[in-house]
Amino acid sequence: MFYMFSGIILICSLLTITTRRILRAAVYLLCVLLATAGLYFMLKYQFMAAVQLTLYAGGIVVLIIFSILLTSHITHRFKHPDLVKLIMGVSTALVGGGLVIATILSHPFQTGTTSELPVNMTEIGNQLLSTGKNGYVLPFELISILLLAAMIAAIVIAKKDKNKNSEI
Amino acid sequence: MIQGIPIEHFLIVSTIMFFIGVAGFIIRRNLITMLMAIELILNSVNINFVVFNRYLYPDQLQGQFFSLFIVGIAAAEASVAIALIINIYRKLQNIDVENVNEMMY
């Protein structure tokens, strides 16, 4: 099961960056995100998998597809990339990936022996909003302010300039 | 151990996915496909956090919470980036990176 999910992830992420049609790239990205949610289900983090499905696969992919429909022609195909850029990108990925994989394989990981914490919604909600030990209320508030700022910024950037339009 | 799968296999999958994202970010010229490469990178980092949480510290929830925060940040980043991309498209009629050398508004 794990190897099926990782096969889907690797093949679809390769196709995402190599396909020449932009809408297909978005659909392959959706496949990658769904398979990642499957990995979270395998690791028994149901809440994380649900967030992945709703926010990533539901929200971000729909946003990307809408912007594709607004900005490009469906039948348009990309030109082949420059040879220099292709060599640079692939060699960067190969060198970096080789280094990181060598480090991972040589490092002895100490698997935790303590008993698994049952991950239910009560536990998640208590820890997310507590200020004591194992409490995460500070990053929670930070991210709420960040989301508000991002929402206002997106509206301000994307809205049409009224004065400019009236001049035209 | 979850079903006999060692932790290295998860880490290798997420590493390969991360560097596919990096290569895509360098190779592609369209802004939206570059945004997709960034989403691949963020997603692989999420897998790493969750796997470390499950295998090394199964009695705590830090990795899961930080993955949640990364998902939120990714959503905010995608919305702002897409607002910028649509604005650039209104101005230049295409969204290739070569043409975005002036950010005058």
# chains A, B, ... in the order shown; residues from 1 in each chain; ligands from 1

$ interface_residues --of "chain A" --to "chain B" --cutoff "6 Å" --atoms "only C-alpha atoms" --output "tab-separated table (two decimals) with N, CA and C atoms, in the first residue's frame"
chain	number	residue	atom	x	y	z
A	17	ILE	N	5.89	18.49	-13.49
A	17	ILE	CA	6.86	19.48	-13.97
A	17	ILE	C	7.32	19.20	-15.40
A	85	LYS	N	18.93	25.75	-19.01
A	85	LYS	CA	18.09	25.68	-17.82
A	85	LYS	C	17.79	24.24	-17.43
A	86	LEU	N	17.56	23.41	-18.46
A	86	LEU	CA	17.25	22.00	-18.19
A	86	LEU	C	18.42	21.32	-17.49
A	89	GLY	N	18.77	22.72	-13.88
A	89	GLY	CA	17.76	22.21	-12.96
A	89	GLY	C	17.97	20.76	-12.60
A	90	VAL	N	18.21	19.92	-13.62
A	90	VAL	CA	18.34	18.49	-13.35
A	90	VAL	C	19.59	18.21	-12.54
A	93	ALA	N	19.00	19.17	-8.93
A	93	ALA	CA	18.16	18.18	-8.25
A	93	ALA	C	18.95	16.91	-7.97
A	111	THR	N	14.10	5.07	16.85
A	111	THR	CA	12.64	5.05	16.82
A	111	THR	C	12.10	5.16	18.24
A	112	GLY	N	11.11	6.04	18.42
A	112	GLY	CA	10.56	6.26	19.74
A	112	GLY	C	9.89	5.00	20.27
A	116	GLU	N	2.00	5.20	21.76
A	116	GLU	CA	1.43	6.19	20.86
A	116	GLU	C	0.30	6.96	21.55
A	117	LEU	N	0.30	8.27	21.33
A	117	LEU	CA	-0.78	9.09	21.84
A	117	LEU	C	-1.99	8.92	20.94
A	147	LEU	N	-3.26	35.07	8.12
A	147	LEU	CA	-4.33	34.81	7.15
A	147	LEU	C	-5.15	36.06	6.88
A	150	ALA	N	-3.10	38.27	4.64
A	150	ALA	CA	-3.04	37.75	3.28
A	150	ALA	C	-4.35	37.99	2.55
A	154	ALA	N	-4.60	40.19	-0.78
A	154	ALA	CA	-5.08	39.64	-2.04
A	154	ALA	C	-6.20	40.51	-2.62
A	158	ALA	N	-5.70	42.53	-6.18
A	158	ALA	CA	-6.44	42.07	-7.35
A	158	ALA	C	-7.57	43.00	-7.75

$ atom_distance --atom1 "atom CA of A:Ile8" --atom2 "atom CA of A:Cys31"
7.5 Å

$ atom_distance --atom1 "atom CA of A:Val156" --atom2 "atom CA of A:Val51"
27.6 Å

$ select_by_dssp --residues "stretch 14-62 of chain B" --states "helix (DSSP H, G or I)" --output "mmCIF file with C-alpha atoms, in the first residue's frame"
data_model
loop_
_atom_site.group_PDB
_atom_site.id
_atom_site.type_symbol
_atom_site.label_atom_id
_atom_site.label_comp_id
_atom_site.auth_asym_id
_atom_site.auth_seq_id
_atom_site.Cartn_x
_atom_site.Cartn_y
_atom_site.Cartn_z
ATOM 1 C CA SER B 14 9.775 13.089 0.380
ATOM 2 C CA THR B 15 13.373 13.974 -0.568
ATOM 3 C CA ILE B 16 12.840 12.969 -4.194
ATOM 4 C CA MET B 17 9.582 14.940 -4.261
ATOM 5 C CA PHE B 18 11.335 18.013 -2.804
ATOM 6 C CA PHE B 19 14.051 17.975 -5.453
ATOM 7 C CA ILE B 20 11.553 17.362 -8.258
ATOM 8 C CA GLY B 21 9.917 20.563 -7.019
ATOM 9 C CA VAL B 22 13.253 22.412 -7.030
ATOM 10 C CA ALA B 23 14.031 21.237 -10.572
ATOM 11 C CA GLY B 24 10.564 22.258 -11.730
ATOM 12 C CA PHE B 25 11.007 25.699 -10.192
ATOM 13 C CA ILE B 26 14.234 26.169 -12.171
ATOM 14 C CA ILE B 27 13.067 24.663 -15.478
ATOM 15 C CA LEU B 31 4.380 31.606 -13.244
ATOM 16 C CA ILE B 32 1.511 29.248 -12.398
ATOM 17 C CA THR B 33 3.612 26.129 -12.973
ATOM 18 C CA MET B 34 6.316 27.643 -10.775
ATOM 19 C CA LEU B 35 3.631 28.063 -8.094
ATOM 20 C CA MET B 36 2.776 24.375 -8.503
ATOM 21 C CA ALA B 37 6.448 23.476 -7.956
ATOM 22 C CA ILE B 38 6.382 25.481 -4.720
ATOM 23 C CA GLU B 39 3.311 23.522 -3.612
ATOM 24 C CA LEU B 40 5.210 20.272 -4.266
ATOM 25 C CA ILE B 41 8.087 21.493 -2.081
ATOM 26 C CA LEU B 42 5.779 22.498 0.799
ATOM 27 C CA ASN B 43 3.937 19.193 0.570
ATOM 28 C CA SER B 44 7.132 17.136 0.818
ATOM 29 C CA VAL B 45 8.193 19.095 3.903
ATOM 30 C CA ASN B 46 4.780 18.334 5.421
ATOM 31 C CA ILE B 47 5.333 14.610 4.881
ATOM 32 C CA ASN B 48 8.689 14.900 6.636
ATOM 33 C CA PHE B 49 7.209 16.618 9.709
ATOM 34 C CA VAL B 50 4.400 14.091 10.067
ATOM 35 C CA VAL B 51 6.690 11.086 9.624
ATOM 36 C CA PHE B 52 9.190 12.353 12.205
ATOM 37 C CA ASN B 53 6.296 12.917 14.592
ATOM 38 C CA ARG B 54 4.930 9.413 14.139
ATOM 39 C CA TYR B 55 8.199 7.464 14.206
ATOM 40 C CA LEU B 56 10.475 9.359 16.590
ATOM 41 C CA GLN B 62 4.405 18.815 17.427
#
